[in-house]
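Visitor: Here you go, this is coords-v2.txt (compact mmCIF, C-alpha atoms and all ligand atoms).
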# COMPACT_ATOMS: atom_id res chain seq x y z
CA MET K 73 0.00 0.00 0.00
CA THR K 74 1.19 3.51 -0.75
CA ARG K 75 1.84 5.12 2.59
CA ILE K 76 3.54 8.30 1.42
CA GLU K 77 1.57 11.12 -0.14
CA ILE K 78 2.74 14.47 -1.46
CA ILE K 79 0.31 17.38 -1.53
CA THR K 80 0.21 21.16 -1.52
CA ALA K 81 -1.96 22.55 1.24
CA ASP K 82 -2.08 24.67 4.34
CA ILE K 83 -1.09 22.11 6.96
CA THR K 84 -3.45 23.63 9.54
CA HIS K 85 -6.42 22.48 7.45
CA LEU K 86 -5.49 18.80 7.39
CA ASN K 87 -7.67 16.23 9.04
CA VAL K 88 -4.99 13.80 10.20
CA ASP K 89 -4.07 12.32 13.58
CA ALA K 90 -1.08 14.65 13.89
CA ILE K 91 0.54 17.53 12.08
CA VAL K 92 4.18 18.39 12.62
CA ASN K 93 5.24 21.93 13.43
CA ALA K 94 8.58 23.38 12.28
CA ALA K 95 9.17 25.21 15.55
CA ASN K 96 12.11 26.92 17.25
CA ARG K 97 13.84 25.85 20.45
CA SER K 98 11.64 27.98 22.69
CA LEU K 99 8.48 26.27 21.34
CA LEU K 100 6.69 29.54 22.03
CA GLY K 101 5.64 30.33 18.47
CA GLY K 102 7.14 32.30 15.62
CA GLY K 103 6.57 32.99 11.93
CA GLY K 104 6.04 30.66 8.97
CA VAL K 105 4.20 27.41 9.59
CA ASP K 106 4.76 27.78 13.35
CA GLY K 107 2.84 31.06 13.37
CA ALA K 108 0.04 29.59 11.27
CA ILE K 109 -0.32 26.59 13.60
CA HIS K 110 -0.40 28.73 16.76
CA ARG K 111 -3.00 31.07 15.23
CA SER K 112 -5.26 28.19 14.19
CA ALA K 113 -4.87 26.07 17.33
CA GLY K 114 -5.61 29.02 19.62
CA HIS K 115 -4.00 30.43 22.77
CA GLU K 116 -4.31 27.13 24.67
CA LEU K 117 -1.49 25.81 22.51
CA LEU K 118 0.88 28.48 23.79
CA LYS K 119 -0.04 27.57 27.37
CA ALA K 120 0.68 23.89 26.68
CA CYS K 121 3.97 24.75 25.01
CA GLN K 122 5.06 26.86 27.99
CA LEU K 123 5.03 23.69 30.11
CA LEU K 124 7.32 21.78 27.78
CA GLY K 125 10.56 23.58 28.68
CA GLY K 126 11.69 24.12 25.09
CA CYS K 127 13.12 21.53 22.72
CA ASN K 128 16.57 20.77 21.36
CA THR K 129 17.34 20.97 17.66
CA GLY K 130 16.60 17.58 16.08
CA ASP K 131 14.25 16.58 18.87
CA ALA K 132 10.42 16.62 19.09
CA LYS K 133 7.65 17.15 21.64
CA ILE K 134 3.91 16.62 21.47
CA THR K 135 0.79 18.59 22.43
CA PRO K 136 -2.90 18.24 21.68
CA GLY K 137 -4.15 19.91 18.50
CA PHE K 138 -6.67 22.10 20.39
CA ARG K 139 -8.77 23.92 17.77
CA LEU K 140 -7.08 22.23 14.81
CA PRO K 141 -8.78 19.40 12.94
CA SER K 142 -5.77 17.21 13.83
CA LYS K 143 -5.76 15.56 17.25
CA PHE K 144 -2.08 16.21 17.98
CA ILE K 145 0.70 18.60 17.10
CA ILE K 146 4.24 17.30 17.12
CA HIS K 147 6.67 20.17 17.53
CA THR K 148 10.13 19.59 16.13
CA VAL K 149 13.05 21.97 15.81
CA GLY K 150 14.89 21.85 12.50
CA PRO K 151 18.49 22.99 12.15
CA VAL K 152 19.37 26.45 10.85
CA TRP K 153 21.34 25.92 7.62
CA GLN K 154 24.92 27.09 8.10
CA GLY K 155 26.57 25.65 5.02
CA GLY K 156 26.28 21.99 5.94
CA ARG K 157 29.23 21.59 8.27
CA TYR K 158 27.32 21.67 11.52
CA HIS K 159 25.53 18.32 11.36
CA GLU K 160 22.54 19.98 9.74
CA LYS K 161 21.69 16.89 7.67
CA GLY K 162 21.78 14.50 10.60
CA LEU K 163 19.75 16.92 12.70
CA LEU K 164 17.10 17.26 10.01
CA ALA K 165 16.85 13.47 9.65
CA SER K 166 16.50 13.31 13.42
CA CYS K 167 13.49 15.70 13.30
CA TYR K 168 11.65 13.21 11.08
CA GLN K 169 12.75 10.18 13.13
CA GLN K 170 11.87 11.71 16.50
CA SER K 171 8.51 12.96 15.23
CA LEU K 172 7.66 9.49 13.94
CA ARG K 173 8.82 7.90 17.19
CA LEU K 174 6.37 10.16 19.06
CA ALA K 175 3.68 9.24 16.55
CA THR K 176 4.15 5.55 17.26
CA GLU K 177 4.20 6.12 21.03
CA ASN K 178 0.92 8.03 20.85
CA GLY K 179 -0.97 5.65 18.57
CA ILE K 180 -0.91 8.12 15.67
CA LYS K 181 -1.60 6.46 12.34
CA THR K 182 -1.72 9.43 9.97
CA ILE K 183 0.77 12.28 10.13
CA ALA K 184 1.57 15.32 7.98
CA PHE K 185 4.97 17.03 7.79
CA PRO K 186 5.73 20.50 6.47
CA ASN K 187 9.05 21.04 4.67
CA ILE K 188 10.99 21.50 7.91
CA SER K 189 13.87 24.02 7.90
CA THR K 190 13.34 25.08 4.28
CA GLY K 191 11.77 28.45 5.12
CA VAL K 192 13.32 30.89 7.58
CA TYR K 193 16.02 28.33 8.49
CA GLY K 194 17.32 28.29 4.89
CA PHE K 195 18.02 24.56 4.38
CA PRO K 196 18.50 23.83 0.61
CA LYS K 197 15.16 22.48 -0.56
CA ARG K 198 16.31 19.54 -2.65
CA GLU K 199 18.60 18.16 0.01
CA ALA K 200 15.97 18.68 2.68
CA ALA K 201 13.38 16.80 0.60
CA SER K 202 15.72 13.91 -0.01
CA ILE K 203 16.50 13.62 3.72
CA ALA K 204 12.78 13.83 4.53
CA ILE K 205 11.79 11.08 2.09
CA GLU K 206 14.67 8.78 3.06
CA SER K 207 14.09 9.17 6.80
CA VAL K 208 10.37 8.52 6.51
CA GLN K 209 10.82 5.63 4.12
CA SER K 210 13.31 3.92 6.36
CA TYR K 211 11.08 4.36 9.43
CA LEU K 212 8.04 2.98 7.60
CA LYS K 213 9.89 -0.19 6.67
CA THR K 214 9.93 -1.32 10.28
CA HIS K 215 6.78 0.44 11.53
CA PRO K 216 3.61 -0.87 9.91
CA GLU K 217 1.50 0.93 12.52
CA ILE K 218 1.98 4.23 10.66
CA GLU K 219 -0.60 4.09 7.90
CA ARG K 220 -0.01 7.35 6.06
CA VAL K 221 2.63 10.04 5.93
CA ILE K 222 1.77 13.22 4.08
CA PHE K 223 4.42 15.63 2.90
CA CYS K 224 2.49 18.86 2.97
CA CYS K 225 4.22 21.33 0.67
CA PHE K 226 3.30 24.98 0.70
CA ASP K 227 5.08 26.21 -2.40
CA ASP K 228 5.14 24.78 -5.93
CA GLU K 229 8.92 24.46 -5.91
CA ASN K 230 8.93 22.04 -2.97
CA PHE K 231 5.97 20.14 -4.43
CA GLU K 232 7.87 19.60 -7.68
CA ILE K 233 11.06 18.60 -5.89
CA TYR K 234 9.26 16.04 -3.75
CA ASN K 235 7.47 14.53 -6.72
CA LYS K 236 10.64 14.26 -8.77
CA LEU K 237 12.45 12.55 -5.91
CA ASN K 238 9.52 10.27 -5.39
CA TYR K 239 9.70 9.20 -9.03
CA SER K 240 13.40 8.51 -8.81
CA THR K 241 12.85 6.09 -5.97
CA ILE K 242 11.82 3.36 -8.40
CA SER K 243 14.07 0.32 -8.35
CA ILE K 244 13.96 -2.72 -10.63
CA GLU K 245 15.85 -5.80 -9.48
CA ARG K 246 16.29 -9.31 -10.79
CA VAL K 247 14.39 -11.89 -8.78
CA GLN K 248 16.94 -14.25 -7.23
CA SER K 249 15.75 -15.80 -3.99
CA GLU K 250 12.71 -17.89 -3.18
CA LYS K 251 11.51 -15.06 -0.97
CA GLU K 252 11.51 -12.68 -3.94
CA VAL K 253 9.67 -15.22 -6.09
CA GLN K 254 7.02 -15.35 -3.38
CA LEU K 255 6.82 -11.54 -3.36
CA VAL K 256 6.16 -11.58 -7.11
CA ALA K 257 3.57 -14.34 -6.66
CA ASP K 258 1.78 -12.15 -4.09
CA LEU K 259 1.89 -9.18 -6.46
CA ALA K 260 0.58 -11.36 -9.30
CA TYR K 261 -2.35 -12.46 -7.13
CA THR K 262 -3.24 -8.83 -6.31
CA ILE K 263 -2.81 -7.52 -9.85
CA TRP K 264 -4.68 -10.32 -11.59
CA ASN K 265 -7.57 -10.02 -9.18
CA GLU K 266 -7.87 -6.26 -9.37
CA HIS K 267 -7.35 -5.98 -13.11
CA TYR K 268 -8.34 -9.14 -14.95
CA VAL K 269 -11.53 -10.28 -13.27
CA GLN K 270 -13.65 -7.95 -15.38
CA ILE K 271 -11.78 -8.93 -18.54
CA ILE K 272 -11.60 -12.73 -18.30
CA GLY K 273 -13.72 -13.56 -15.25
CA GLN K 274 -12.84 -14.84 -11.77
CA ASP K 275 -12.57 -18.52 -12.74
CA GLN K 276 -9.98 -17.92 -15.42
CA VAL K 277 -8.08 -15.53 -13.13
CA ASN K 278 -7.88 -18.27 -10.50
CA TYR K 279 -6.75 -20.75 -13.12
CA MET K 280 -4.05 -18.40 -14.47
CA VAL K 281 -2.74 -17.41 -11.05
CA THR K 282 -2.52 -21.00 -9.82
CA ASN K 283 -1.02 -22.47 -12.96
CA PHE K 284 1.23 -19.74 -14.30
CA GLN K 285 1.86 -17.17 -11.57
CA SER K 286 2.24 -19.20 -8.40
CA ALA K 287 5.67 -19.25 -6.75
CA GLU K 288 6.19 -22.85 -7.96
CA ALA K 289 5.21 -22.05 -11.54
CA MET K 290 7.49 -19.02 -11.67
CA SER K 291 10.45 -20.85 -10.14
CA LYS K 292 10.08 -23.47 -12.87
CA GLN K 293 9.96 -20.77 -15.58
CA ILE K 294 13.14 -19.22 -14.20
CA GLN K 295 15.04 -22.46 -13.67
CA THR K 296 14.13 -24.44 -16.76
CA GLU K 297 12.42 -22.22 -19.32
CA GLY K 298 14.79 -19.26 -19.68
CA TYR K 299 12.54 -16.61 -18.13
CA GLU K 300 13.92 -13.65 -16.22
CA TYR K 301 11.76 -12.09 -13.52
CA TYR K 302 12.21 -8.59 -12.13
CA ILE K 303 10.51 -6.98 -9.18
CA ILE K 304 9.67 -3.27 -9.35
CA ARG K 305 9.73 -1.31 -6.11
CA HIS K 306 8.50 2.21 -5.56
CA LEU K 307 9.73 3.83 -2.36
CA SER K 308 10.91 0.35 -1.35
CA GLU K 309 7.40 -1.06 -1.66
CA PRO K 310 6.81 -4.00 -4.04
CA SER K 311 4.74 -2.40 -6.80
CA GLY K 312 4.94 -4.47 -9.93
CA TYR K 313 6.91 -7.00 -11.91
CA ILE K 314 8.41 -7.77 -15.28
CA SER K 315 9.11 -11.10 -16.90
CA THR K 316 11.06 -11.54 -20.15
CA LYS K 317 12.51 -14.28 -22.30
CA LEU K 318 14.98 -13.96 -25.13
CA THR K 319 14.10 -15.90 -28.28
CA GLY K 320 16.51 -15.34 -31.15
CA ASP K 321 16.94 -11.62 -31.66
CA GLU K 322 13.59 -10.82 -30.07
CA LEU K 323 12.86 -10.17 -26.41
CA PHE K 324 9.49 -11.60 -25.43
CA LEU K 325 7.91 -9.40 -22.77
CA SER K 326 5.84 -11.99 -20.97
CA LYS K 327 4.69 -9.87 -18.01
CA PHE K 328 4.76 -6.18 -17.18
CA TYR K 329 2.33 -5.37 -14.40
CA VAL K 330 1.89 -2.60 -11.88
CA ILE K 331 -0.50 -2.68 -8.92
CA LYS K 332 -3.43 -0.30 -9.26
CA GLU K 333 -2.49 2.22 -6.60
CA LYS K 334 1.03 2.60 -7.92
CA ARG K 335 -0.08 3.63 -11.42
CA GLY K 336 0.83 7.21 -12.24
CA THR K 337 4.05 7.10 -10.22
CA GLY K 338 6.27 6.89 -13.32
CA ILE K 339 6.76 3.10 -13.07
CA GLY K 340 5.48 2.47 -16.60
CA LYS K 341 8.05 4.77 -18.16
CA GLU K 342 10.92 3.55 -15.98
CA GLY K 343 9.92 -0.08 -16.56
CA LEU K 344 9.89 0.32 -20.32
CA LYS K 345 13.28 2.07 -20.25
CA PHE K 346 14.63 -0.84 -18.24
CA ILE K 347 13.15 -3.45 -20.61
CA CYS K 348 14.63 -1.69 -23.67
CA GLU K 349 18.04 -1.54 -22.01
CA ARG K 350 17.87 -5.23 -21.08
CA ALA K 351 16.83 -6.12 -24.64
CA ARG K 352 19.78 -4.19 -26.10
CA THR K 353 22.21 -5.77 -23.62
CA LEU K 354 21.02 -9.22 -24.70
CA GLY K 355 21.44 -8.29 -28.38
CA ALA K 356 17.72 -8.19 -29.23
CA ASN K 357 16.47 -5.81 -31.90
CA SER K 358 12.80 -5.87 -30.98
CA ILE K 359 10.43 -6.47 -28.09
CA LYS K 360 7.29 -8.53 -28.57
CA LEU K 361 4.33 -9.06 -26.27
CA THR K 362 0.84 -10.47 -26.28
CA VAL K 363 -2.08 -8.70 -24.64
CA ASN K 364 -5.70 -9.75 -24.25
CA LYS K 365 -7.82 -8.18 -27.01
CA TYR K 366 -10.30 -6.81 -24.48
CA ASN K 367 -7.62 -5.30 -22.25
CA THR K 368 -8.06 -1.91 -23.90
CA ASN K 369 -6.28 0.11 -21.21
CA SER K 370 -3.10 -1.91 -21.51
CA ILE K 371 -3.28 -1.83 -25.31
CA LYS K 372 -3.55 1.96 -25.20
CA ALA K 373 -0.64 2.15 -22.76
CA TYR K 374 1.56 -0.02 -24.99
CA GLU K 375 0.60 2.05 -28.05
CA LYS K 376 1.67 5.15 -26.15
CA MET K 377 5.01 3.49 -25.47
CA GLY K 378 5.49 2.98 -29.22
CA PHE K 379 4.33 -0.65 -29.65
CA ILE K 380 2.36 -1.45 -32.80
CA ASN K 381 -0.21 -4.17 -33.38
CA PHE K 382 1.42 -7.04 -35.20
CA GLY K 383 -1.41 -9.51 -35.63
CA SER K 384 -3.27 -11.70 -33.21
CA VAL K 385 -3.07 -15.15 -31.74
CA VAL K 386 -5.52 -17.52 -30.08
CA ALA K 387 -4.00 -19.97 -27.62
CA ASP K 388 -5.54 -22.92 -25.81
CA ILE K 389 -4.23 -22.84 -22.26
CA GLY K 390 -6.00 -25.96 -21.03
CA GLU K 391 -9.18 -26.88 -19.17
CA GLY K 392 -11.29 -25.16 -21.80
CA TYR K 393 -9.66 -21.74 -21.40
CA VAL K 394 -8.61 -19.82 -24.45
CA MET K 395 -6.54 -16.64 -24.66
CA ASP K 396 -7.42 -14.28 -27.49
CA ASP K 397 -4.49 -11.93 -27.75
CA PHE K 398 -3.09 -9.10 -29.80
CA VAL K 399 0.58 -9.41 -30.63
CA MET K 400 2.38 -6.10 -30.25
CA LYS K 401 5.89 -5.20 -31.22
CA LEU K 402 8.41 -2.47 -30.61
CA ASP K 403 11.46 -2.18 -32.84
CA LEU K 404 14.58 -0.98 -31.08
N1 LIG F 1 1.26 24.99 5.88
C1 LIG F 1 2.25 24.25 5.36
N2 LIG F 1 3.49 24.71 5.16
C2 LIG F 1 3.74 26.01 5.46
C3 LIG F 1 2.74 26.87 6.02
C4 LIG F 1 1.46 26.31 6.22
N3 LIG F 1 0.47 27.02 6.74
N4 LIG F 1 3.32 28.08 6.22
C5 LIG F 1 4.59 28.00 5.81
N5 LIG F 1 4.85 26.75 5.35
P1 LIG F 1 9.24 27.86 8.12
P2 LIG F 1 11.69 26.68 9.21
C6 LIG F 1 6.10 26.17 4.80
O1 LIG F 1 9.92 29.17 7.86
O2 LIG F 1 12.43 26.95 7.98
C7 LIG F 1 9.45 29.98 12.51
O3 LIG F 1 9.47 31.33 12.83
C8 LIG F 1 7.11 27.11 4.24
O4 LIG F 1 6.77 27.49 2.92
O5 LIG F 1 7.87 27.91 8.69
O6 LIG F 1 11.82 25.32 9.84
C9 LIG F 1 9.81 29.09 13.69
O7 LIG F 1 9.34 29.63 14.91
C10 LIG F 1 8.36 26.26 4.26
O8 LIG F 1 8.43 25.41 3.11
O9 LIG F 1 10.11 26.92 9.10
C11 LIG F 1 11.30 29.04 13.65
O10 LIG F 1 11.88 30.15 14.26
C12 LIG F 1 8.16 25.35 5.47
O11 LIG F 1 6.79 25.52 5.85
C13 LIG F 1 11.59 29.07 12.16
O12 LIG F 1 10.48 29.71 11.56
C14 LIG F 1 9.03 25.69 6.66
O13 LIG F 1 9.23 27.08 6.75
C15 LIG F 1 11.70 27.69 11.60
O14 LIG F 1 12.11 27.78 10.27
Can the structure in the file be given as structure tokens, please?

Guide:
Amino acid sequence: MTRIEIITADITHLNVDAIVNAANRSLLGGGGVDGAIHRSAGHELLKACQLLGGCNTGDAKITPGFRLPSKFIIHTVGPVWQGGRYHEKGLLASCYQQSLRLATENGIKTIAFPNISTGVYGFPKREAASIAIESVQSYLKTHPEIERVIFCCFDDENFEIYNKLNYSTISIERVQSEKEVQLVADLAYTIWNEHYVQIIGQDQVNYMVTNFQSAEAMSKQIQTEGYEYYIIRHLSEPSGYISTKLTGDELFLSKFYVIKEKRGTGIGKEGLKFICERARTLGANSIKLTVNKYNTNSIKAYEKMGFINFGSVVADIGEGYVMDDFVMKLDL
């Protein structure tokens, strides 16, 4: 599941369990997002903050949200940018880690961060965004209790930076271990059920998944039939998979699937780039695939990627099931 979201908004309007405040060490209010939060939460917030005894840079403290829609406010103090030689990066990472630690301790499941330190404190925006995404991503890996983290940008520049970084966190790796084969089998189950039931029906989906996309079936394809499998991760989360097989000077693209909620994250484009590179490395001069005739969305997507219709093929796959496919081809 996608647990990271990037939006532009006024953070004081968000209806989440907690919003994070980019405060200063006094915790007694200030300008920027801090000022906005104090204004919206009301004077009770200042009273609560007075009891906290300040906060060190890189640390975090928690108060109720008072008049805000969010239940809690986590106050963290980002570093003032001084050129990068004063542990600013580590301190900024610590703001995200400590805020998330407090979230876990207080049963918070949804949390929104502003772009800490990138306003008055002058931290370079791109570096700050990269630290923010990495820190959050690494925390989420071991903390399933946090359901959603929102990066709440205020300016278009930060929004663009975060989205670009988010796109570049796509990784595509060859499936090697049994554990990875199982991960792909789980993805296959999800994708086939969410995408193919309306095209070929539940019975055929079950048949396909059991016979061709189970961990056993895929292991066999890898070990004895010359198939390569690749797992696609987005922000470290398993998001799709690719399967290919070289036949002569043609690369057969057997599978290229992305789970529904990860569409629109740039995986399609990155995946195709990867497949073309792999094809060239193996000495292929074209890529061929088959796609169900009624799978119009995928056909459109492949056409957009430059594939052309190259005929059609009907295949008997056993137990009375027939696949009626378009053959599509991309010359390299
Ligand atoms: N919602 C979301 N983000 C906002 C909002 C808002 N309502 N208002 C501003 N931002 P800054 P810092 C963005 O300066 O750099 C305060 O005086 C803003 O565009 O608020 O950590 C404190 O008391 C920017 O991207 O925080 C400290 O003294 C980001 O929030 C000092 O500023 C952070 O900008 C902290 O400086």

Visitor: Under the rule of at most 10 Å, produce a per-residue listing of chain K near ligand LIG 1 (chain F): chain, number, name, the closest pair of atoms, and the distance in Å, as JSON lines, using all atoms listed in the file.

Guide:
{"residue": "K:Ile79", "atom": "CA", "partner": "F:LIG1", "partner_atom": "C1", "distance": 9.9}
{"residue": "K:Thr80", "atom": "CA", "partner": "F:LIG1", "partner_atom": "C1", "distance": 7.8}
{"residue": "K:Ala81", "atom": "CA", "partner": "F:LIG1", "partner_atom": "C1", "distance": 6.1}
{"residue": "K:Asp82", "atom": "CA", "partner": "F:LIG1", "partner_atom": "N1", "distance": 3.7}
{"residue": "K:Ile83", "atom": "CA", "partner": "F:LIG1", "partner_atom": "N1", "distance": 3.9}
{"residue": "K:Thr84", "atom": "CA", "partner": "F:LIG1", "partner_atom": "N3", "distance": 5.9}
{"residue": "K:His85", "atom": "CA", "partner": "F:LIG1", "partner_atom": "N1", "distance": 8.2}
{"residue": "K:Leu86", "atom": "CA", "partner": "F:LIG1", "partner_atom": "N1", "distance": 9.3}
{"residue": "K:Ile91", "atom": "CA", "partner": "F:LIG1", "partner_atom": "C1", "distance": 9.7}
{"residue": "K:Val92", "atom": "CA", "partner": "F:LIG1", "partner_atom": "C1", "distance": 9.5}
{"residue": "K:Asn93", "atom": "CA", "partner": "F:LIG1", "partner_atom": "O5", "distance": 8.1}
{"residue": "K:Ala94", "atom": "CA", "partner": "F:LIG1", "partner_atom": "O6", "distance": 4.5}
{"residue": "K:Ala95", "atom": "CA", "partner": "F:LIG1", "partner_atom": "C9", "distance": 4.4}
{"residue": "K:Asn96", "atom": "CA", "partner": "F:LIG1", "partner_atom": "C11", "distance": 4.3}
{"residue": "K:Arg97", "atom": "CA", "partner": "F:LIG1", "partner_atom": "O10", "distance": 7.8}
{"residue": "K:Ser98", "atom": "CA", "partner": "F:LIG1", "partner_atom": "O7", "distance": 8.3}
{"residue": "K:Leu99", "atom": "CA", "partner": "F:LIG1", "partner_atom": "O7", "distance": 7.3}
{"residue": "K:Leu100", "atom": "CA", "partner": "F:LIG1", "partner_atom": "O7", "distance": 7.6}
{"residue": "K:Gly101", "atom": "CA", "partner": "F:LIG1", "partner_atom": "O7", "distance": 5.2}
{"residue": "K:Gly102", "atom": "CA", "partner": "F:LIG1", "partner_atom": "O7", "distance": 3.5}
{"residue": "K:Gly103", "atom": "CA", "partner": "F:LIG1", "partner_atom": "O3", "distance": 3.5}
{"residue": "K:Gly104", "atom": "CA", "partner": "F:LIG1", "partner_atom": "O5", "distance": 3.3}
{"residue": "K:Val105", "atom": "CA", "partner": "F:LIG1", "partner_atom": "N4", "distance": 3.5}
{"residue": "K:Asp106", "atom": "CA", "partner": "F:LIG1", "partner_atom": "O7", "distance": 5.2}
{"residue": "K:Gly107", "atom": "CA", "partner": "F:LIG1", "partner_atom": "O3", "distance": 6.7}
{"residue": "K:Ala108", "atom": "CA", "partner": "F:LIG1", "partner_atom": "N3", "distance": 5.2}
{"residue": "K:Ile109", "atom": "CA", "partner": "F:LIG1", "partner_atom": "N3", "distance": 6.9}
{"residue": "K:His110", "atom": "CA", "partner": "F:LIG1", "partner_atom": "O7", "distance": 10.0}
{"residue": "K:Ser112", "atom": "CA", "partner": "F:LIG1", "partner_atom": "N3", "distance": 9.5}
{"residue": "K:Thr148", "atom": "CA", "partner": "F:LIG1", "partner_atom": "O6", "distance": 8.7}
{"residue": "K:Val149", "atom": "CA", "partner": "F:LIG1", "partner_atom": "O6", "distance": 7.0}
{"residue": "K:Gly150", "atom": "CA", "partner": "F:LIG1", "partner_atom": "O6", "distance": 5.3}
{"residue": "K:Pro151", "atom": "CA", "partner": "F:LIG1", "partner_atom": "O6", "distance": 7.4}
{"residue": "K:Val152", "atom": "CA", "partner": "F:LIG1", "partner_atom": "O14", "distance": 7.4}
{"residue": "K:Trp153", "atom": "CA", "partner": "F:LIG1", "partner_atom": "O2", "distance": 9.0}
{"residue": "K:Leu164", "atom": "CA", "partner": "F:LIG1", "partner_atom": "O6", "distance": 9.6}
{"residue": "K:Ala184", "atom": "CA", "partner": "F:LIG1", "partner_atom": "C1", "distance": 9.3}
{"residue": "K:Phe185", "atom": "CA", "partner": "F:LIG1", "partner_atom": "C1", "distance": 8.1}
{"residue": "K:Pro186", "atom": "CA", "partner": "F:LIG1", "partner_atom": "N2", "distance": 4.9}
{"residue": "K:Asn187", "atom": "CA", "partner": "F:LIG1", "partner_atom": "C12", "distance": 4.5}
{"residue": "K:Ile188", "atom": "CA", "partner": "F:LIG1", "partner_atom": "O6", "distance": 4.4}
{"residue": "K:Ser189", "atom": "CA", "partner": "F:LIG1", "partner_atom": "O6", "distance": 3.1}
{"residue": "K:Thr190", "atom": "CA", "partner": "F:LIG1", "partner_atom": "O2", "distance": 4.2}
{"residue": "K:Gly191", "atom": "CA", "partner": "F:LIG1", "partner_atom": "O2", "distance": 3.3}
{"residue": "K:Val192", "atom": "CA", "partner": "F:LIG1", "partner_atom": "O1", "distance": 3.8}
{"residue": "K:Tyr193", "atom": "CA", "partner": "F:LIG1", "partner_atom": "O2", "distance": 3.9}
{"residue": "K:Gly194", "atom": "CA", "partner": "F:LIG1", "partner_atom": "O2", "distance": 5.9}
{"residue": "K:Phe195", "atom": "CA", "partner": "F:LIG1", "partner_atom": "O2", "distance": 7.1}
{"residue": "K:Lys197", "atom": "CA", "partner": "F:LIG1", "partner_atom": "O8", "distance": 8.2}
{"residue": "K:Phe223", "atom": "CA", "partner": "F:LIG1", "partner_atom": "C1", "distance": 9.2}
{"residue": "K:Cys224", "atom": "CA", "partner": "F:LIG1", "partner_atom": "C1", "distance": 5.9}
{"residue": "K:Cys225", "atom": "CA", "partner": "F:LIG1", "partner_atom": "N2", "distance": 5.7}
{"residue": "K:Phe226", "atom": "CA", "partner": "F:LIG1", "partner_atom": "N2", "distance": 4.5}
{"residue": "K:Asp227", "atom": "CA", "partner": "F:LIG1", "partner_atom": "O4", "distance": 5.7}
{"residue": "K:Asp228", "atom": "CA", "partner": "F:LIG1", "partner_atom": "O4", "distance": 9.4}
{"residue": "K:Glu229", "atom": "CA", "partner": "F:LIG1", "partner_atom": "O8", "distance": 9.1}
{"residue": "K:Asn230", "atom": "CA", "partner": "F:LIG1", "partner_atom": "O8", "distance": 7.0}
{"residue": "K:Phe231", "atom": "CA", "partner": "F:LIG1", "partner_atom": "O8", "distance": 9.5}

Visitor: Lys161 of chain K: which residues within 8 Å, counting only C-alpha atoms, same-chain residues fewer than 3 positions away excluded, as a ChimeraX atom specification?

Guide: /K:156,164-165,200,203

Visitor: Between atom CA of Thr337 of chain K and atom CA of Ile359 of chain K, what is the distance, to one decimal in Å?

Guide: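 Separating atom CA of Thr337 of chain K from atom CA of Ile359 of chain K is a distance of 23.3 Å.
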
Visitor: So which one's closest to Val253 of chain K, K:Lys236, K:His267, K:Arg220, K:Lys292? Using all atoms listed in the file, please.

Guide: K:Lys292

Visitor: Counting only C-alpha atoms, give me one row per residue of segment 217-288 of chain K with an atom at most 9 Å from an atom of segment 301-305 of chain K, showing the shortest contact pair and its distance in Å to one decimal, sorted by chain then residue number, as JSON lines.

Guide:
{"residue": "K:Thr241", "atom": "CA", "partner": "K:Arg305", "partner_atom": "CA", "distance": 8.0}
{"residue": "K:Ile242", "atom": "CA", "partner": "K:Arg305", "partner_atom": "CA", "distance": 5.6}
{"residue": "K:Ser243", "atom": "CA", "partner": "K:Arg305", "partner_atom": "CA", "distance": 5.1}
{"residue": "K:Ile244", "atom": "CA", "partner": "K:Ile304", "partner_atom": "CA", "distance": 4.5}
{"residue": "K:Glu245", "atom": "CA", "partner": "K:Tyr302", "partner_atom": "CA", "distance": 5.3}
{"residue": "K:Arg246", "atom": "CA", "partner": "K:Tyr302", "partner_atom": "CA", "distance": 4.4}
{"residue": "K:Val247", "atom": "CA", "partner": "K:Tyr302", "partner_atom": "CA", "distance": 5.2}
{"residue": "K:Gln248", "atom": "CA", "partner": "K:Tyr301", "partner_atom": "CA", "distance": 8.4}
{"residue": "K:Glu252", "atom": "CA", "partner": "K:Ile303", "partner_atom": "CA", "distance": 7.8}
{"residue": "K:Val253", "atom": "CA", "partner": "K:Tyr301", "partner_atom": "CA", "distance": 8.3}
{"residue": "K:Leu255", "atom": "CA", "partner": "K:Ile303", "partner_atom": "CA", "distance": 8.3}
{"residue": "K:Val256", "atom": "CA", "partner": "K:Ile303", "partner_atom": "CA", "distance": 6.7}

Visitor: Restricting the calculation to all atoms listed in the file, which member of K:Lys119, K:Arg173, K:Arg350, K:Lys213 is positioned closest to Thr316 of chain K?

Guide: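 Of all the options, K:Arg350 lies closest to Thr316 of chain K.
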
Visitor: Closest to Ile347 of chain K among K:Glu391, K:Glu206, K:Glu177, K:Glu300, using all atoms listed in the file?

Guide: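 Of K:Glu391, K:Glu206, K:Glu177, K:Glu300, the one nearest Ile347 of chain K is K:Glu300, counting all atoms listed in the file.
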
Visitor: Restricting the calculation to only C-alpha atoms, which member of K:Leu237, K:Ile218, K:Val386, K:Ala287 is positioned closest to Gly338 of chain K?

Guide: K:Leu237

Visitor: Just give me the gap between atom CA of Val385 of chain K and atom CA of Ile339 of chain K in Å, one decimal is fine.

Guide: 27.9 Å

Visitor: Could you state the separation of atom CA of Gly390 of chain K and atom CA of Thr362 of chain K in Å, given to one decimal place?

Guide: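 Rounded to one decimal, the two atoms are 17.7 Å apart.
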
Visitor: From the list K:Tyr268, K:Gly273, K:Val281, K:Thr296, which residue is nearest Asn369 of chain K when using only C-alpha atoms?

Guide: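 Counting only C-alpha atoms, the residue closest to Asn369 of chain K is K:Tyr268.
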
Visitor: Identify, on the basis of only C-alpha atoms, every residue whose closest approach to Glu322 of chain K does not exceed 10 Å; exclude the query and any residue fewer than 6 positions from it along the same chain; express the result as a list in words.

Guide: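 Near Glu322 of chain K, the qualifying residues are Ala351, Arg352, Leu354, Gly355, Ala356, Asn357, Ser358, Ile359, Lys360, Lys401, Leu402, Asp403 and Leu404 of chain K.
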